[in-house]
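See below for start27.cif, which holds mmCIF, C-alpha atoms and all ligand atoms.
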data_run
#
loop_
_atom_site.label_atom_id
_atom_site.label_comp_id
_atom_site.auth_asym_id
_atom_site.auth_seq_id
_atom_site.Cartn_x
_atom_site.Cartn_y
_atom_site.Cartn_z
CA LEU V 1451 10.27 13.20 -2.77
CA THR V 1452 9.10 16.15 -4.82
CA GLY V 1453 6.93 16.54 -7.88
CA ALA V 1454 5.16 18.91 -10.23
CA GLY V 1455 3.35 20.90 -7.52
CA LEU V 1456 6.62 22.52 -6.51
CA SER V 1457 7.39 23.49 -10.13
CA VAL V 1458 3.91 24.92 -10.69
CA GLU V 1459 4.60 27.35 -7.84
CA SER V 1460 7.55 28.59 -9.91
CA GLY V 1461 5.32 29.21 -12.94
CA ILE V 1462 6.00 26.00 -14.84
CA PRO V 1463 2.83 24.54 -16.34
CA PRO V 1464 1.96 21.01 -15.16
CA PHE V 1465 1.48 18.21 -17.69
CA ARG V 1466 -1.77 16.88 -16.29
CA GLY V 1467 -4.75 18.42 -14.48
CA PRO V 1468 -6.34 21.85 -14.98
CA GLY V 1469 -4.20 24.11 -17.18
CA GLY V 1470 -1.88 21.18 -17.90
CA LEU V 1471 0.00 21.10 -21.19
CA TRP V 1472 -1.36 17.69 -22.05
CA THR V 1473 -4.85 18.63 -20.88
CA LYS V 1474 -4.79 21.50 -23.39
CA HIS V 1475 -2.84 19.88 -26.22
CA GLY V 1476 -3.51 16.15 -25.77
CA GLU V 1477 -1.32 13.44 -24.30
CA PRO V 1478 1.95 12.86 -26.13
CA PRO V 1479 2.56 9.44 -27.67
CA MET V 1480 3.37 6.87 -25.00
CA ASN V 1481 6.27 5.50 -27.05
CA GLY V 1482 8.40 8.65 -27.15
CA TYR V 1483 11.61 6.72 -26.53
CA GLN V 1484 10.94 4.23 -29.31
CA ARG V 1485 10.17 7.13 -31.67
CA PHE V 1486 13.45 8.76 -30.64
CA LEU V 1487 15.36 5.55 -31.38
CA ALA V 1488 13.57 5.11 -34.70
CA ASP V 1489 14.54 8.62 -35.91
CA PRO V 1490 16.93 10.40 -33.54
CA ARG V 1491 17.80 13.04 -36.11
CA ARG V 1492 14.20 14.18 -36.41
CA ALA V 1493 13.76 14.08 -32.63
CA TRP V 1494 16.78 16.39 -32.26
CA GLU V 1495 15.50 18.76 -34.95
CA GLU V 1496 12.23 19.06 -33.00
CA ARG V 1497 14.11 19.42 -29.73
CA LEU V 1498 16.31 22.24 -31.05
CA ASN V 1499 13.41 24.05 -32.75
CA PRO V 1500 10.42 23.37 -30.49
CA THR V 1501 6.91 24.32 -31.56
CA GLY V 1502 3.46 24.30 -29.89
CA PRO V 1503 3.28 22.97 -26.33
CA MET V 1504 7.01 22.17 -26.25
CA ALA V 1505 7.89 25.77 -27.13
CA GLU V 1506 5.53 26.90 -24.34
CA LEU V 1507 7.22 24.53 -21.90
CA TRP V 1508 10.76 25.57 -22.85
CA SER V 1509 10.05 29.26 -22.46
CA ALA V 1510 8.44 28.62 -19.04
CA LEU V 1511 11.48 26.54 -18.01
CA ALA V 1512 13.88 29.27 -19.13
CA ALA V 1513 12.02 31.92 -17.12
CA ALA V 1514 11.48 29.88 -13.93
CA VAL V 1515 13.37 30.54 -10.70
CA PRO V 1516 13.34 28.54 -7.45
CA ASN V 1517 10.58 29.38 -4.95
CA PRO V 1518 10.63 29.34 -1.11
CA GLY V 1519 9.79 25.60 -1.15
CA HIS V 1520 12.96 24.79 -3.10
CA ARG V 1521 15.01 27.01 -0.78
CA ALA V 1522 13.52 25.41 2.34
CA LEU V 1523 14.68 21.98 1.14
CA VAL V 1524 18.21 23.36 0.74
CA GLU V 1525 18.02 24.58 4.35
CA LEU V 1526 16.90 21.15 5.53
CA GLU V 1527 19.88 19.67 3.72
CA GLU V 1528 22.22 22.20 5.37
CA LEU V 1529 20.70 21.34 8.77
CA GLY V 1530 21.61 17.70 8.15
CA VAL V 1531 17.96 16.63 8.26
CA LEU V 1532 17.50 15.97 4.57
CA ARG V 1533 19.93 13.31 3.35
CA ALA V 1534 18.61 12.85 -0.16
CA LEU V 1535 16.14 14.56 -2.45
CA ILE V 1536 14.40 12.47 -5.09
CA THR V 1537 12.62 14.70 -7.57
CA GLN V 1538 10.36 13.85 -10.48
CA ASN V 1539 10.86 17.39 -11.79
CA VAL V 1540 13.17 17.98 -14.74
CA ASP V 1541 13.34 21.78 -14.43
CA ASP V 1542 16.72 22.10 -12.68
CA LEU V 1543 15.18 24.32 -9.96
CA HIS V 1544 16.37 22.19 -7.02
CA ARG V 1545 19.93 22.46 -8.33
CA ALA V 1546 19.51 26.18 -9.02
CA ALA V 1547 18.32 26.63 -5.41
CA GLY V 1548 21.43 24.84 -4.13
CA SER V 1549 20.38 21.25 -3.39
CA THR V 1550 23.36 18.93 -3.78
CA ARG V 1551 22.04 15.55 -2.59
CA LEU V 1552 19.77 15.45 -5.58
CA LEU V 1553 18.43 12.44 -7.50
CA GLU V 1554 16.55 13.49 -10.62
CA ILE V 1555 14.62 10.34 -11.36
CA HIS V 1556 13.09 11.70 -14.58
CA GLY V 1557 16.29 13.43 -15.66
CA ASN V 1558 17.14 17.10 -16.11
CA ALA V 1559 15.89 19.11 -19.09
CA THR V 1560 19.05 21.23 -19.17
CA LEU V 1561 21.30 18.19 -19.61
CA ILE V 1562 22.05 15.75 -22.40
CA ARG V 1563 22.68 12.07 -21.69
CA CYS V 1564 24.46 9.37 -23.65
CA ILE V 1565 22.20 6.35 -23.99
CA GLY V 1566 25.35 4.23 -24.24
CA CYS V 1567 27.61 5.19 -21.31
CA VAL V 1568 25.00 7.29 -19.35
CA ALA V 1569 27.39 10.28 -19.09
CA ARG V 1570 25.64 13.67 -18.80
CA PHE V 1571 26.71 16.85 -20.57
CA GLY V 1572 25.71 20.49 -20.66
CA ARG V 1573 24.47 21.80 -24.00
CA ASP V 1574 27.62 23.87 -24.51
CA GLU V 1575 29.75 20.71 -24.34
CA ILE V 1576 28.06 19.16 -27.35
CA ASP V 1577 28.57 19.70 -31.07
CA PHE V 1578 25.21 19.94 -32.83
CA ALA V 1579 26.66 20.49 -36.32
CA VAL V 1580 25.64 16.98 -37.32
CA LEU V 1581 22.39 15.51 -35.96
CA PRO V 1582 21.95 13.39 -33.99
CA PRO V 1583 24.89 14.53 -31.82
CA ARG V 1584 27.32 11.89 -30.58
CA CYS V 1585 28.84 11.26 -27.15
CA PRO V 1586 32.29 12.89 -26.79
CA ARG V 1587 33.38 9.91 -24.64
CA CYS V 1588 32.04 6.81 -26.38
CA ASP V 1589 30.47 8.06 -29.63
CA GLY V 1590 27.11 6.73 -28.38
CA LEU V 1591 23.79 8.32 -29.29
CA LEU V 1592 22.91 11.41 -27.24
CA LYS V 1593 19.41 12.37 -26.15
CA SER V 1594 17.91 14.85 -23.74
CA ASP V 1595 18.47 13.67 -20.15
CA THR V 1596 14.71 14.02 -19.60
CA VAL V 1597 13.31 10.49 -19.38
CA SER V 1598 10.89 9.91 -22.26
CA PHE V 1599 7.78 7.77 -22.25
CA GLY V 1600 8.81 4.19 -22.77
CA GLU V 1601 12.40 4.89 -21.71
CA PRO V 1602 13.89 3.04 -18.75
CA ILE V 1603 14.94 5.25 -15.80
CA PRO V 1604 18.74 5.58 -16.05
CA PRO V 1605 20.06 2.73 -13.87
CA ASP V 1606 22.57 4.86 -11.92
CA VAL V 1607 19.85 7.21 -10.61
CA LEU V 1608 17.29 4.49 -10.00
CA GLU V 1609 19.71 2.40 -7.96
CA ARG V 1610 20.58 5.35 -5.73
CA CYS V 1611 16.90 6.20 -5.23
CA PHE V 1612 16.22 2.67 -3.98
CA GLU V 1613 19.27 2.84 -1.69
CA GLU V 1614 18.21 6.17 -0.17
CA ALA V 1615 14.58 5.12 0.23
CA ALA V 1616 15.73 1.93 1.96
CA MET V 1617 17.66 4.03 4.53
CA ALA V 1618 15.01 6.70 5.13
CA ASP V 1619 13.29 6.81 8.51
CA CYS V 1620 11.13 9.67 7.30
CA MET V 1621 10.04 10.82 3.88
CA LEU V 1622 8.70 14.24 3.07
CA VAL V 1623 6.45 14.05 0.01
CA ALA V 1624 5.95 17.51 -1.47
CA GLY V 1625 3.93 18.58 -4.48
CA THR V 1626 3.24 15.12 -5.79
CA SER V 1627 0.35 12.72 -5.52
CA ALA V 1628 2.95 9.98 -5.93
CA THR V 1629 1.00 8.01 -8.48
CA VAL V 1630 3.64 7.78 -11.23
CA HIS V 1631 5.92 4.76 -10.94
CA PRO V 1632 8.64 4.12 -10.02
CA ALA V 1633 8.71 7.23 -7.76
CA ALA V 1634 5.37 6.20 -6.28
CA GLN V 1635 6.80 3.14 -4.62
CA PHE V 1636 9.36 4.95 -2.44
CA PRO V 1637 6.85 6.36 0.09
CA PHE V 1638 5.18 2.95 0.31
CA GLN V 1639 8.57 1.37 0.90
CA VAL V 1640 9.31 3.81 3.77
CA HIS V 1641 5.84 3.30 5.26
CA GLU V 1642 6.12 -0.49 5.14
CA ARG V 1643 9.35 -0.34 7.11
CA GLY V 1644 7.64 1.73 9.81
CA GLY V 1645 8.99 5.10 8.66
CA VAL V 1646 7.13 8.38 8.97
CA LEU V 1647 5.54 9.97 5.91
CA ILE V 1648 4.83 13.69 5.81
CA GLU V 1649 2.71 14.95 2.95
CA VAL V 1650 2.95 18.55 1.77
CA ASN V 1651 0.13 19.12 -0.67
CA PRO V 1652 -2.86 21.48 -0.84
CA TYR V 1653 -5.04 18.48 -1.72
CA PRO V 1654 -5.39 14.96 -0.33
CA SER V 1655 -3.86 12.20 -2.45
CA GLU V 1656 -3.77 8.42 -2.61
CA LEU V 1657 -0.91 8.65 -0.17
CA THR V 1658 -2.71 10.66 2.50
CA ALA V 1659 -4.06 7.60 4.33
CA LEU V 1660 -0.51 6.36 4.92
CA CYS V 1661 0.87 9.70 6.10
CA THR V 1662 1.62 10.48 9.74
CA HIS V 1663 1.27 14.18 8.99
CA ALA V 1664 -0.41 16.03 6.16
CA LEU V 1665 0.45 19.70 5.70
CA ARG V 1666 -2.36 21.12 3.59
CA ALA V 1667 -0.62 24.00 1.88
CA PRO V 1668 1.58 24.62 -1.14
CA GLY V 1669 5.24 23.70 -0.64
CA GLY V 1670 6.27 27.35 -0.84
CA GLU V 1671 4.24 28.02 2.32
CA ALA V 1672 4.49 24.77 4.26
CA LEU V 1673 8.17 23.94 3.77
CA PRO V 1674 9.62 27.24 5.10
CA ARG V 1675 7.38 26.86 8.18
CA LEU V 1676 8.59 23.32 8.62
CA VAL V 1677 12.20 24.56 8.51
CA GLU V 1678 11.37 27.20 11.15
CA ARG V 1679 9.93 24.50 13.39
CA VAL V 1680 12.97 22.25 12.89
CA ARG V 1681 15.26 25.16 13.83
CA GLU V 1682 13.18 25.84 16.99
CA LEU V 1683 13.29 22.19 18.05
CA ARG V 1684 17.04 22.10 17.54
CA GLY V 1685 17.46 25.26 19.64
ZN ZN V 1701 28.80 7.84 -24.09
#
Same coordinates, now as structure tokens:
Amino acid sequence: LTGAGLSVESGIPPFRGPGGLWTKHGEPPMNGYQRFLADPRRAWEERLNPTGPMAELWSALAAAVPNPGHRALVELEELGVLRALITQNVDDLHRAAGSTRLLEIHGNATLIRCIGCVARFGRDEIDFAVLPPRCPRCDGLLKSDTVSFGEPIPPDVLERCFEEAAMADCMLVAGTSATVHPAAQFPFQVHERGGVLIEVNPYPSELTALCTHALRAPGGEALPRLVERVRELRG
């Protein structure tokens, strides 16, 4: 389970905390999804011509590249240790690094999703001549795949997250204090079933007390060392 800490190491500003976009610019409205539904055309106009904090975020996203933490998780997947990666990040960096068993619980900022049939599309697959754009498959309303405030997590992703968490004997929690639901409940679920939790975070979190191991370092440092250790143990 990964979160904002891993993105911050790639130069993407966090939303909350020191230097956070919302700390500087104020929290966005908590009913973003309802506002989208009320006026999808305007939401798309803002999305295609971002200003203020959103422009700052988009330029950071465009410039960001995966860091050693992202690459270490790809190695763990290749070693057969990591069976699924649930991320709260929307920045596409896990995919860019090469992760394939990826569940983006808050969506992916580079994709567009139909709120009708839940199909995802790249930007180049969509015609923006008339706003809001429509789904090429079902003519449903399209929005950014990024899950907005007030928007339900897309059911296909959420279901798979619950399935994977139910099978996990160990969960690595990197760069997240795991306080935002529903992602927050997966480590608790693993712990309750007697699974091992490993926290990778420079700072203690609400989760620390439940963790078998806490690696007090940024993911970019701790995760490559963890991979080294796994390789040693496997000979
Ligand atoms: Zn559709």
From V:Val1580, V:Cys1567, V:Ile1562, V:Ala1534, residue lying nearest Leu1451 in chain V [all atoms listed in the file]: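 Residue with the minimum atom-to-atom distance to Leu1451 in chain V: V:Ala1534.
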Length of the CA of Phe1638 in chain V to CA of Cys1611 in chain V vector [Å]: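 The value is 13.4 Å.
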For CA of Val1540 in chain V and CA of Val1680 in chain V, quote the distance in Å rounded to one decimal.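 Result for CA of Val1540 in chain V versus CA of Val1680 in chain V: 28.0 Å, one decimal.
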Just the residues within 10 Å of Pro1654 in chain V, please, counting only C-alpha atoms, with nothing from its chain fewer than 4 positions along; format it as a PyMOL selection string. chain V and resi 1627+1649-1650+1658-1659+1664-1666
Within 8 Å of ligand ZN 1701 (chain V), counting only C-alpha atoms and all ligand atoms, residues as a PyMOL selection string: chain V and resi 1563-1569+1584-1592
Just checking: using all atoms listed in the file, which residue out of V:Phe1599, V:Arg1521, V:Arg1643, V:Pro1604 ends up closest to Pro1478 in chain V?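 Among the listed residues, V:Phe1599 lies closest to Pro1478 in chain V.
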Quick one: pull the distance between CA of Gly1455 in chain V and CA of Gly1482 in chain V, Å, one decimal. 23.7 Å
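Residue nearest Gln1635 in chain V, chosen from V:Ile1648, V:Leu1511, V:Leu1523, V:Leu1657 and counting all atoms listed in the file: V:Leu1657.
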Of the listed residues V:Ala1633, V:Ala1616, V:Leu1647, V:Ala1559, that which approaches Ser1598 in chain V most closely, counting only C-alpha atoms: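 Of V:Ala1633, V:Ala1616, V:Leu1647, V:Ala1559, the one nearest Ser1598 in chain V, counting only C-alpha atoms, is V:Ala1559.
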I need the residue nearest Glu1459 in chain V from this list: V:Ala1667, V:Leu1526, V:Met1504, V:Ala1615. Use all atoms listed in the file for the distance.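 Nearest to Glu1459 in chain V: V:Ala1667.
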If you keep all heavy atoms, can you output range 1453-1466 of chain V as a PDB file, in the first residue's frame?
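After the write, out.pdb holds the following:
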ATOM      1  N   GLY V1453       1.439   5.608  -0.682  1.00  0.00           N
ATOM      2  CA  GLY V1453       0.756   6.890  -0.633  1.00  0.00           C
ATOM      3  C   GLY V1453       1.695   8.039  -0.956  1.00  0.00           C
ATOM      4  O   GLY V1453       2.812   7.841  -1.455  1.00  0.00           O
ATOM      5  N   ALA V1454       1.222   9.239  -0.630  1.00  0.00           N
ATOM      6  CA  ALA V1454       1.842  10.485  -1.088  1.00  0.00           C
ATOM      7  C   ALA V1454       3.340  10.592  -0.825  1.00  0.00           C
ATOM      8  O   ALA V1454       4.058  11.209  -1.617  1.00  0.00           O
ATOM      9  CB  ALA V1454       1.128  11.661  -0.444  1.00  0.00           C
ATOM     10  N   GLY V1455       3.818   9.982   0.274  1.00  0.00           N
ATOM     11  CA  GLY V1455       5.240  10.093   0.605  1.00  0.00           C
ATOM     12  C   GLY V1455       6.135   9.676  -0.551  1.00  0.00           C
ATOM     13  O   GLY V1455       7.167  10.301  -0.812  1.00  0.00           O
ATOM     14  N   LEU V1456       5.721   8.649  -1.254  1.00  0.00           N
ATOM     15  CA  LEU V1456       6.518   8.137  -2.369  1.00  0.00           C
ATOM     16  C   LEU V1456       6.526   9.140  -3.540  1.00  0.00           C
ATOM     17  O   LEU V1456       7.530   9.290  -4.234  1.00  0.00           O
ATOM     18  CB  LEU V1456       5.941   6.787  -2.810  1.00  0.00           C
ATOM     19  CG  LEU V1456       6.913   5.728  -3.311  1.00  0.00           C
ATOM     20  CD1 LEU V1456       8.053   5.492  -2.346  1.00  0.00           C
ATOM     21  CD2 LEU V1456       6.169   4.419  -3.579  1.00  0.00           C
ATOM     22  N   SER V1457       5.403   9.817  -3.739  1.00  0.00           N
ATOM     23  CA  SER V1457       5.305  10.819  -4.809  1.00  0.00           C
ATOM     24  C   SER V1457       6.138  12.058  -4.483  1.00  0.00           C
ATOM     25  O   SER V1457       6.782  12.643  -5.362  1.00  0.00           O
ATOM     26  CB  SER V1457       3.854  11.255  -5.001  1.00  0.00           C
ATOM     27  OG  SER V1457       3.049  10.164  -5.349  1.00  0.00           O
ATOM     28  N   VAL V1458       6.098  12.448  -3.205  1.00  0.00           N
ATOM     29  CA  VAL V1458       6.848  13.633  -2.771  1.00  0.00           C
ATOM     30  C   VAL V1458       8.328  13.454  -3.092  1.00  0.00           C
ATOM     31  O   VAL V1458       9.005  14.391  -3.524  1.00  0.00           O
ATOM     32  CB  VAL V1458       6.627  13.875  -1.256  1.00  0.00           C
ATOM     33  CG1 VAL V1458       7.590  14.931  -0.721  1.00  0.00           C
ATOM     34  CG2 VAL V1458       5.184  14.302  -0.996  1.00  0.00           C
ATOM     35  N   GLU V1459       8.822  12.236  -2.945  1.00  0.00           N
ATOM     36  CA  GLU V1459      10.230  11.952  -3.259  1.00  0.00           C
ATOM     37  C   GLU V1459      10.522  12.104  -4.749  1.00  0.00           C
ATOM     38  O   GLU V1459      11.677  12.168  -5.146  1.00  0.00           O
ATOM     39  CB  GLU V1459      10.607  10.538  -2.799  1.00  0.00           C
ATOM     40  CG  GLU V1459      10.647  10.397  -1.282  1.00  0.00           C
ATOM     41  CD  GLU V1459      10.949   8.964  -0.868  1.00  0.00           C
ATOM     42  OE1 GLU V1459      11.983   8.429  -1.292  1.00  0.00           O
ATOM     43  OE2 GLU V1459      10.146   8.388  -0.116  1.00  0.00           O
ATOM     44  N   SER V1460       9.479  12.127  -5.566  1.00  0.00           N
ATOM     45  CA  SER V1460       9.651  12.376  -7.003  1.00  0.00           C
ATOM     46  C   SER V1460       9.327  13.825  -7.359  1.00  0.00           C
ATOM     47  O   SER V1460       9.145  14.150  -8.532  1.00  0.00           O
ATOM     48  CB  SER V1460       8.765  11.428  -7.824  1.00  0.00           C
ATOM     49  OG  SER V1460       9.339  10.148  -7.911  1.00  0.00           O
ATOM     50  N   GLY V1461       9.193  14.684  -6.348  1.00  0.00           N
ATOM     51  CA  GLY V1461       9.002  16.113  -6.605  1.00  0.00           C
ATOM     52  C   GLY V1461       7.561  16.565  -6.766  1.00  0.00           C
ATOM     53  O   GLY V1461       7.308  17.694  -7.164  1.00  0.00           O
ATOM     54  N   ILE V1462       6.618  15.661  -6.445  1.00  0.00           N
ATOM     55  CA  ILE V1462       5.211  16.050  -6.544  1.00  0.00           C
ATOM     56  C   ILE V1462       4.768  16.621  -5.196  1.00  0.00           C
ATOM     57  O   ILE V1462       4.973  15.979  -4.169  1.00  0.00           O
ATOM     58  CB  ILE V1462       4.343  14.833  -6.934  1.00  0.00           C
ATOM     59  CG1 ILE V1462       4.752  14.377  -8.343  1.00  0.00           C
ATOM     60  CG2 ILE V1462       2.858  15.158  -6.870  1.00  0.00           C
ATOM     61  CD1 ILE V1462       4.146  13.073  -8.764  1.00  0.00           C
ATOM     62  N   PRO V1463       4.195  17.823  -5.192  1.00  0.00           N
ATOM     63  CA  PRO V1463       3.800  18.394  -3.908  1.00  0.00           C
ATOM     64  C   PRO V1463       2.685  17.576  -3.262  1.00  0.00           C
ATOM     65  O   PRO V1463       1.811  17.071  -3.966  1.00  0.00           O
ATOM     66  CB  PRO V1463       3.309  19.804  -4.264  1.00  0.00           C
ATOM     67  CG  PRO V1463       2.958  19.746  -5.719  1.00  0.00           C
ATOM     68  CD  PRO V1463       3.836  18.698  -6.327  1.00  0.00           C
ATOM     69  N   PRO V1464       2.723  17.413  -1.928  1.00  0.00           N
ATOM     70  CA  PRO V1464       1.619  16.712  -1.254  1.00  0.00           C
ATOM     71  C   PRO V1464       0.400  17.628  -1.200  1.00  0.00           C
ATOM     72  O   PRO V1464       0.496  18.818  -1.497  1.00  0.00           O
ATOM     73  CB  PRO V1464       2.176  16.477   0.152  1.00  0.00           C
ATOM     74  CG  PRO V1464       3.131  17.604   0.367  1.00  0.00           C
ATOM     75  CD  PRO V1464       3.708  17.943  -0.985  1.00  0.00           C
ATOM     76  N   PHE V1465      -0.747  17.077  -0.844  1.00  0.00           N
ATOM     77  CA  PHE V1465      -1.934  17.908  -0.656  1.00  0.00           C
ATOM     78  C   PHE V1465      -1.944  18.520   0.739  1.00  0.00           C
ATOM     79  O   PHE V1465      -2.155  19.703   0.912  1.00  0.00           O
ATOM     80  CB  PHE V1465      -3.205  17.079  -0.872  1.00  0.00           C
ATOM     81  CG  PHE V1465      -3.377  16.669  -2.301  1.00  0.00           C
ATOM     82  CD1 PHE V1465      -3.276  15.351  -2.683  1.00  0.00           C
ATOM     83  CD2 PHE V1465      -3.629  17.624  -3.276  1.00  0.00           C
ATOM     84  CE1 PHE V1465      -3.429  14.976  -4.011  1.00  0.00           C
ATOM     85  CE2 PHE V1465      -3.786  17.274  -4.611  1.00  0.00           C
ATOM     86  CZ  PHE V1465      -3.682  15.943  -4.980  1.00  0.00           C
ATOM     87  N   ARG V1466      -1.657  17.664   1.729  1.00  0.00           N
ATOM     88  CA  ARG V1466      -1.725  18.126   3.115  1.00  0.00           C
ATOM     89  C   ARG V1466      -0.321  18.228   3.702  1.00  0.00           C
ATOM     90  O   ARG V1466       0.641  17.746   3.117  1.00  0.00           O
ATOM     91  CB  ARG V1466      -2.572  17.167   3.944  1.00  0.00           C
ATOM     92  CG  ARG V1466      -4.020  17.100   3.467  1.00  0.00           C
ATOM     93  CD  ARG V1466      -4.894  16.340   4.466  1.00  0.00           C
ATOM     94  NE  ARG V1466      -6.314  16.536   4.166  1.00  0.00           N
ATOM     95  CZ  ARG V1466      -7.025  15.755   3.349  1.00  0.00           C
ATOM     96  NH1 ARG V1466      -6.464  14.724   2.765  1.00  0.00           N
ATOM     97  NH2 ARG V1466      -8.300  15.998   3.132  1.00  0.00           N
TER      98      ARG V1466
END
